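Participant: Got a file for you: upload-v2.txt, compact mmCIF, C-alpha atoms.
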```
# COMPACT_ATOMS: atom_id res chain seq x y z
CA MET A 1 78.75 41.42 10.99
CA LYS A 2 78.74 45.23 10.81
CA LYS A 3 81.99 46.69 12.09
CA GLN A 4 81.88 49.37 14.80
CA TYR A 5 84.02 52.50 14.96
CA ALA A 6 83.79 55.88 16.71
CA VAL A 7 85.51 59.16 17.45
CA VAL A 8 86.31 59.88 21.11
CA GLY A 9 86.78 63.38 22.52
CA HIS A 10 85.44 66.04 24.91
CA PRO A 11 83.67 68.22 24.06
CA ILE A 12 82.83 66.83 20.67
CA GLY A 13 79.73 68.72 19.46
CA HIS A 14 79.75 69.44 15.69
CA THR A 15 82.39 66.84 14.73
CA MET A 16 82.71 66.02 11.03
CA SER A 17 84.28 62.61 11.63
CA PRO A 18 81.07 60.52 11.19
CA PHE A 19 80.37 62.15 7.81
CA ILE A 20 83.93 61.67 6.57
CA HIS A 21 84.50 58.14 7.83
CA SER A 22 81.07 56.89 6.73
CA ARG A 23 81.83 58.12 3.20
CA LEU A 24 85.21 56.37 3.27
CA PHE A 25 83.59 53.10 4.36
CA GLU A 26 81.11 53.48 1.49
CA LEU A 27 83.93 54.04 -0.99
CA SER A 28 85.77 50.93 0.20
CA GLY A 29 82.60 48.80 0.34
CA ILE A 30 82.96 47.98 4.04
CA ASP A 31 79.82 47.52 6.15
CA ALA A 32 80.52 49.66 9.21
CA GLU A 33 78.97 52.15 11.63
CA TYR A 34 80.86 55.18 12.92
CA GLY A 35 79.63 56.90 16.08
CA VAL A 36 80.53 59.75 18.43
CA LEU A 37 81.57 59.22 22.06
CA ASP A 38 81.87 62.24 24.34
CA ILE A 39 84.08 61.02 27.19
CA ALA A 40 85.35 63.43 29.84
CA PRO A 41 89.01 63.05 30.85
CA GLU A 42 88.17 61.64 34.29
CA ARG A 43 86.07 58.88 32.66
CA LEU A 44 88.58 57.72 30.04
CA ALA A 45 90.02 54.87 32.12
CA GLU A 46 86.62 53.39 33.03
CA GLN A 47 85.50 53.54 29.38
CA MET A 48 88.53 51.70 27.97
CA PRO A 49 87.01 48.17 28.22
CA ALA A 50 84.04 49.32 26.12
CA LEU A 51 86.31 51.12 23.64
CA LYS A 52 88.37 47.97 23.16
CA GLN A 53 85.20 46.19 22.01
CA LEU A 54 85.10 48.45 18.95
CA ASP A 55 86.98 47.50 15.79
CA GLY A 56 88.76 50.84 15.99
CA PHE A 57 88.35 54.44 17.03
CA ASN A 58 89.78 57.91 16.55
CA ILE A 59 91.01 60.10 19.41
CA THR A 60 90.77 63.87 19.49
CA ILE A 61 91.15 66.68 22.05
CA PRO A 62 91.89 66.21 24.96
CA HIS A 63 92.84 62.51 24.86
CA LYS A 64 95.66 62.20 22.29
CA GLN A 65 98.35 61.76 24.94
CA ALA A 66 96.17 60.63 27.86
CA ILE A 67 95.05 57.52 25.94
CA ILE A 68 98.58 56.11 25.62
CA PRO A 69 98.92 54.37 29.03
CA TYR A 70 95.68 52.46 28.40
CA LEU A 71 96.74 50.98 25.05
CA ASP A 72 98.44 47.62 24.56
CA GLY A 73 100.97 48.92 22.03
CA LEU A 74 102.07 51.84 19.87
CA ASP A 75 103.48 51.98 16.36
CA ARG A 76 106.92 53.57 15.94
CA THR A 77 105.68 57.02 14.90
CA ALA A 78 103.09 57.29 17.69
CA GLN A 79 105.73 56.21 20.19
CA LEU A 80 108.25 58.75 18.92
CA TYR A 81 105.73 61.60 18.74
CA GLY A 82 103.98 60.70 22.00
CA SER A 83 100.55 61.23 20.43
CA VAL A 84 97.74 58.94 19.23
CA ASN A 85 94.72 59.78 17.09
CA THR A 86 93.90 56.31 15.70
CA VAL A 87 93.41 53.03 17.55
CA LYS A 88 92.99 49.61 15.96
CA THR A 89 91.59 46.80 18.11
CA GLN A 90 91.78 43.11 17.34
CA GLN A 91 90.41 40.54 19.80
CA GLY A 92 90.55 43.10 22.59
CA VAL A 93 94.17 44.11 21.90
CA SER A 94 94.53 47.83 21.16
CA SER A 95 97.29 49.44 19.08
CA GLY A 96 97.82 53.20 18.81
CA PHE A 97 98.87 55.18 15.73
CA THR A 98 99.05 58.82 14.70
CA THR A 99 97.85 59.91 11.29
CA ASP A 100 98.11 63.64 12.10
CA PRO A 101 101.46 63.89 10.24
CA ASP A 102 99.89 62.44 7.07
CA GLY A 103 97.07 64.96 7.18
CA PHE A 104 99.37 67.90 7.95
CA LEU A 105 101.90 67.19 5.21
CA ILE A 106 99.34 66.43 2.49
CA ALA A 107 97.24 69.50 3.40
CA LEU A 108 100.30 71.74 3.03
CA GLN A 109 101.26 70.06 -0.25
CA LYS A 110 97.74 70.41 -1.67
CA GLY A 111 97.66 74.06 -0.58
CA GLY A 112 100.96 74.81 -2.30
CA VAL A 113 102.69 75.71 0.97
CA PRO A 114 106.36 74.63 1.27
CA LEU A 115 107.60 73.21 4.56
CA THR A 116 110.80 75.20 4.75
CA GLY A 117 112.49 78.12 6.47
CA ARG A 118 111.26 79.54 9.78
CA VAL A 119 108.14 77.84 11.13
CA VAL A 120 106.23 79.06 14.18
CA ILE A 121 103.84 76.58 15.77
CA VAL A 122 101.33 78.06 18.21
CA GLY A 123 100.72 75.45 20.91
CA ALA A 124 102.49 72.50 22.49
CA GLY A 125 99.74 69.86 22.71
CA GLY A 126 99.10 66.63 20.81
CA VAL A 127 98.70 68.14 17.33
CA ALA A 128 101.60 70.55 17.87
CA ARG A 129 103.87 67.62 18.79
CA THR A 130 103.41 65.84 15.47
CA MET A 131 103.75 69.06 13.50
CA ALA A 132 106.91 70.07 15.38
CA TYR A 133 108.51 66.70 14.69
CA GLU A 134 107.65 66.92 10.99
CA CYS A 135 108.99 70.48 10.74
CA CYS A 136 112.25 69.50 12.42
CA ILE A 137 112.62 66.41 10.22
CA ALA A 138 112.14 68.69 7.19
CA GLY A 139 115.02 70.86 8.43
CA CYS A 140 112.94 73.90 9.38
CA SER A 141 113.91 76.34 12.10
CA THR A 142 110.98 75.66 14.40
CA THR A 143 109.62 77.79 17.26
CA LEU A 144 106.91 76.72 19.70
CA ALA A 145 105.02 79.87 20.70
CA VAL A 146 102.79 79.51 23.76
CA ARG A 147 101.06 81.29 26.63
CA ARG A 148 103.06 81.69 29.83
CA GLU A 149 101.22 78.82 31.56
CA ASP A 150 102.21 76.46 28.73
CA LEU A 151 105.89 77.43 28.57
CA SER A 152 107.10 74.47 30.67
CA ASN A 153 105.18 72.05 28.41
CA ALA A 154 106.72 73.66 25.34
CA ALA A 155 110.21 73.44 26.86
CA ARG A 156 109.69 69.75 27.65
CA LEU A 157 108.52 69.07 24.10
CA ALA A 158 111.48 70.94 22.59
CA GLY A 159 113.88 69.01 24.84
CA GLU A 160 112.26 65.72 23.92
CA ILE A 161 112.52 66.47 20.19
CA LEU A 162 116.20 67.40 20.59
CA SER A 163 116.87 64.13 22.42
CA ASN A 164 115.35 62.18 19.51
CA LEU A 165 116.47 64.41 16.62
CA HIS A 166 119.90 65.68 17.65
CA THR A 167 120.28 68.14 14.76
CA ALA A 168 116.81 69.70 15.18
CA ALA A 169 116.61 73.49 15.25
CA ILE A 170 113.84 74.06 17.77
CA SER A 171 113.16 76.77 20.32
CA THR A 172 110.33 78.13 22.47
CA CYS A 173 108.98 81.60 23.15
CA LEU A 174 106.04 83.37 24.73
CA LEU A 175 103.34 84.51 22.32
CA GLU A 176 103.90 88.13 23.34
CA HIS A 177 107.59 87.83 22.44
CA LEU A 178 106.92 86.38 18.99
CA SER A 179 108.77 88.14 16.19
CA ASP A 180 108.63 88.08 12.42
CA PRO A 181 109.32 87.39 9.54
CA ILE A 182 107.79 83.90 9.51
CA ASP A 183 107.74 81.52 6.54
CA LEU A 184 104.94 79.38 7.97
CA LEU A 185 102.71 80.16 10.94
CA VAL A 186 100.75 77.16 12.26
CA ASN A 187 97.85 77.27 14.71
CA ALA A 188 97.90 73.95 16.56
CA THR A 189 95.47 75.07 19.27
CA PRO A 190 91.63 75.15 19.41
CA VAL A 191 91.68 78.97 19.49
CA GLY A 192 89.19 80.25 16.94
CA MET A 193 87.19 77.01 16.83
CA TYR A 194 83.38 77.02 17.01
CA PRO A 195 81.70 78.40 19.07
CA ASN A 196 84.49 80.86 19.97
CA THR A 197 84.99 81.99 16.40
CA ASP A 198 85.97 85.56 17.23
CA ALA A 199 89.29 84.55 18.81
CA MET A 200 92.75 84.49 17.23
CA PRO A 201 95.88 82.80 18.63
CA VAL A 202 98.16 85.70 17.59
CA GLY A 203 97.74 89.41 16.98
CA GLU A 204 97.29 90.78 13.47
CA HIS A 205 100.72 92.43 13.60
CA ILE A 206 102.32 88.98 13.46
CA LEU A 207 100.45 88.17 10.26
CA LYS A 208 101.90 91.12 8.38
CA ASN A 209 105.16 89.23 7.82
CA SER A 210 103.88 85.64 7.77
CA ALA A 211 104.21 84.30 4.23
CA ASN A 212 102.00 81.24 4.83
CA VAL A 213 99.44 80.43 7.53
CA PHE A 214 98.00 77.00 8.34
CA ASP A 215 95.15 76.58 10.84
CA ALA A 216 94.41 73.08 12.12
CA VAL A 217 90.93 74.29 13.12
CA TYR A 218 88.38 73.18 10.49
CA ASN A 219 85.22 74.55 12.09
CA PRO A 220 84.65 77.22 10.84
CA LEU A 221 86.14 76.51 7.41
CA GLU A 222 87.84 79.90 7.39
CA THR A 223 88.76 81.04 10.88
CA LYS A 224 89.28 84.64 11.90
CA LEU A 225 93.03 83.90 11.76
CA LEU A 226 92.84 82.78 8.14
CA LYS A 227 90.66 85.72 7.11
CA ALA A 228 93.09 88.17 8.67
CA ALA A 229 96.09 86.36 7.15
CA ARG A 230 94.51 86.34 3.70
CA ALA A 231 93.80 90.09 4.01
CA ASN A 232 97.50 90.59 4.76
CA GLY A 233 98.51 88.72 1.61
CA SER A 234 99.48 85.40 3.19
CA LYS A 235 98.81 82.08 1.48
CA VAL A 236 96.39 80.22 3.79
CA VAL A 237 95.34 76.61 4.33
CA GLY A 238 92.46 75.54 6.59
CA GLY A 239 92.08 72.39 8.64
CA MET A 240 89.54 70.45 6.55
CA PRO A 241 92.06 68.81 4.15
CA MET A 242 94.14 67.70 7.14
CA LEU A 243 91.06 66.20 8.79
CA VAL A 244 90.08 64.27 5.67
CA TRP A 245 93.56 63.01 4.79
CA GLN A 246 94.27 61.83 8.32
CA ALA A 247 90.96 59.94 8.16
CA VAL A 248 92.12 58.31 4.92
CA ALA A 249 95.30 57.22 6.69
CA SER A 250 93.21 55.78 9.56
CA HIS A 251 91.32 53.53 7.12
CA LYS A 252 94.60 52.29 5.69
CA ILE A 253 95.52 51.20 9.22
CA TRP A 254 92.12 49.66 10.03
CA ASP A 255 91.48 47.66 6.87
CA GLY A 256 94.18 48.42 4.29
CA SER A 257 91.87 50.57 2.14
CA ASP A 258 93.31 52.78 -0.59
CA TYR A 259 91.40 55.62 -2.22
CA ARG A 260 91.61 57.45 -5.51
CA GLN A 261 92.97 60.98 -5.32
CA GLU A 262 89.88 62.40 -7.02
CA ASP A 263 87.58 60.67 -4.52
CA VAL A 264 89.42 62.21 -1.57
CA ASP A 265 89.45 65.64 -3.22
CA GLN A 266 85.68 65.33 -3.71
CA LEU A 267 85.27 64.27 -0.07
CA CYS A 268 87.16 67.41 1.07
CA GLU A 269 84.74 69.50 -0.97
CA ASP A 270 81.65 67.61 0.21
CA SER A 271 82.77 67.77 3.86
CA SER A 272 83.14 71.54 3.60
CA LYS A 273 79.62 71.82 2.15
CA GLU A 274 78.23 69.51 4.85
CA LEU A 275 79.81 71.61 7.58
CA GLN A 276 78.25 74.77 6.17
CA LYS A 277 74.90 73.01 5.87
CA GLN A 278 74.98 71.82 9.50
CA PHE A 279 75.56 75.34 10.74
CA ALA A 280 73.02 76.89 8.41
CA GLU A 281 70.46 74.51 9.89
CA GLY A 282 71.77 74.86 13.44
```
As structure tokens, how would this structure be written, given the file I've shared?
Facilitator:
Amino acid sequence: MKKQYAVVGHPIGHTMSPFIHSRLFELSGIDAEYGVLDIAPERLAEQMPALKQLDGFNITIPHKQAIIPYLDGLDRTAQLYGSVNTVKTQQGVSSGFTTDPDGFLIALQKGGVPLTGRVVIVGAGGVARTMAYECCIAGCSTTLAVRREDLSNAARLAGEILSNLHTAAISTCLLEHLSDPIDLLVNATPVGMYPNTDAMPVGEHILKNSANVFDAVYNPLETKLLKAARANGSKVVGGMPMLVWQAVASHKIWDGSDYRQEDVDQLCEDSSKELQKQFAEG
């Protein structure tokens, strides 16, 4: 019987997940369909019985934390980080995982960006949580930079990380109070994502002393932030490798699949071309 998977989010217009996951199923020889489910936050609870009928699904904005109370269990990392982007279901029992850390760390490694020194993470949501934990585990001096309305969320996240990682060096600040120099600047917000491609999460003056810049946004492939950072001499990494590598980690969870490095590298390249093609046609 053909297995059924999907990505769940809202809004979820030009998602690349079906293209990426379908290719991964082809590579592993598994007969499966991968769909897209646009579920508004207020409808998440009522849709859970249907979601649990799937063999598995991915979770994206805005459900990565909201999904947790509706799941039957969490793996250790998802529980620690308080974020889920992958769910495996077996006989109606749902288990939550996060593969965001896998994607983040491998994307940095492939881009030649060291995870060291002073790291500034813009945002305090689901993706920012996993990145902040990984930065603190790596021994970085980590700052969560947010808008004023998100400062309490950032403070809660910093406090939570300190309670779990007692030696973590983590702080918070308002975006307008952000200072440089910065070894790694990370955009963990949707700012700059299609269709609002003319937006940047920080001003250009911050980029002048940011050695490396990572943007979790993958659509467009090169955001305004990355273009400006590159013009200022920063080493930049976009979100597509993170998206693909976290998908690879999801398949490991769902069915134990392993993939050759060269196949995943090719998938990153093909996914970038597919994204450009979709927008050229759209």
Participant: For a quick check of your reading of the model, name the residues lying within 12 Å of the coordinate (105.7, 88.4, 18.9), counting all atoms listed in the file, and write them as a list in words.
Facilitator: Val120, Val122, Thr143, Leu144, Ala145, Val146, Arg147, Thr172, Cys173, Leu174, Leu175, Glu176, His177, Leu178, Ser179, Asp180, Pro181, Ile182, Leu185, Pro201, Val202, Gly203, Glu204, His205, Ile206, Leu207, Lys208, Asn209 and Ser210 of chain A
Participant: In Å, with one decimal, what is the gap from atom CA of Ala6 of chain A to atom CA of Gly35 of chain A?
Facilitator: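 About the pair atom CA of Ala6 of chain A and atom CA of Gly35 of chain A: they are 4.3 Å apart.
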Participant: So the first atom is atom CA of Glu269 of chain A and the second is atom CA of Lys235 of chain A; what is the distance between them in Å, to one decimal place?
Facilitator: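 Atom CA of Glu269 of chain A sits 19.0 Å away from atom CA of Lys235 of chain A.
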Participant: Pick the closest to Val93 of chain A from A:Gly56, A:Gly112, A:Gly233, A:Pro62: which is it, counting all atoms listed in the file?
Facilitator: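 With all atoms listed in the file as the atom set, the closest residue is A:Gly56.
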Participant: Tell me which protein, DNA and RNA residues are within 9 Å of Cys135 of chain A, counting only C-alpha atoms, leaving out same-chain ones fewer than 5 positions away, and put them as a PyMOL selection string.
Facilitator: chain A and resi 115-116+119+130+140-142
Participant: Measuring between all atoms listed in the file, which one of A:Ser271, A:Gln4, A:Gln276, A:Asn232 shows the shortest distance to Arg23 of chain A?
Facilitator: A:Ser271
Participant: Atom CA of Val213 of chain A and atom CA of Val8 of chain A, how far apart in Å?
Facilitator: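 One can read the atom CA of Val8 of chain A to atom CA of Val213 of chain A distance as 27.9 Å.
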Participant: Would you mind telling me which residue in A:Ala216, A:Cys268, A:Ala168, A:Ala32 lies nearest to Pro101 of chain A when using only C-alpha atoms?
Facilitator: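 Among A:Ala216, A:Cys268, A:Ala168, A:Ala32, it is A:Ala216 that comes nearest to Pro101 of chain A.
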Participant: Just the residues within 12 Å of Gly126 of chain A, please, counting all atoms listed in the file, with nothing from its chain fewer than 6 positions along; format it as a list in words.
Facilitator: Ile59, Thr60, Ile61, Pro62, His63, Lys64, Gln65, Ala66, Ile67, Ile68, Ala78, Tyr81, Gly82, Ser83, Val84, Asn85, Thr98, Thr99, Asp100, Pro101, Ala132, Tyr133, Asn153, Ala154, Leu157, Ala188, Thr189, Pro190 and Ala216 of chain A
Participant: Write out as an NGL selection string the residues lying within 10 Å of Met16 of chain A, counting only C-alpha atoms and excluding same-chain residues fewer than 3 positions away.
Facilitator: :A and (7 or 12-13 or 19-21 or 36 or 218-219 or 240 or 243-244 or 271-272 or 274-275 or 278)
Participant: Find, counting all atoms listed in the file, the residue in A:Val127, A:Arg156, A:Pro41, A:Met242 that gets nearest to His10 of chain A.
Facilitator: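 So, comparing all the options, the nearest one is A:Pro41.
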Participant: Counting all atoms listed in the file, which residue out of A:Pro114, A:Gly238, A:Gly256, A:Gly9 sits closest to Asn58 of chain A?
Facilitator: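 Looking only at the distances to Asn58 of chain A, the closest residue turns out to be A:Gly9.
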Participant: Determine the nearest neighbour of Ala249 of chain A from the options A:Thr89, A:Gly103, A:Phe25, A:Asp75, counting all atoms listed in the file.
Facilitator: A:Gly103
Participant: Contacts of Ile30 of chain A at 12 Å or less, counting all atoms listed in the file, minus same-chain residues fewer than 3 places along, as a ChimeraX atom specification?
Facilitator: /A:1-5,21-27,33-34,251,254-257
Participant: Within 10 Å of Val191 of chain A, counting all atoms listed in the file, which residues qualify if same-chain residues fewer than 6 places away don't, as a PyMOL selection string?
Facilitator: chain A and resi 122-123+197-202+215-217+223-225
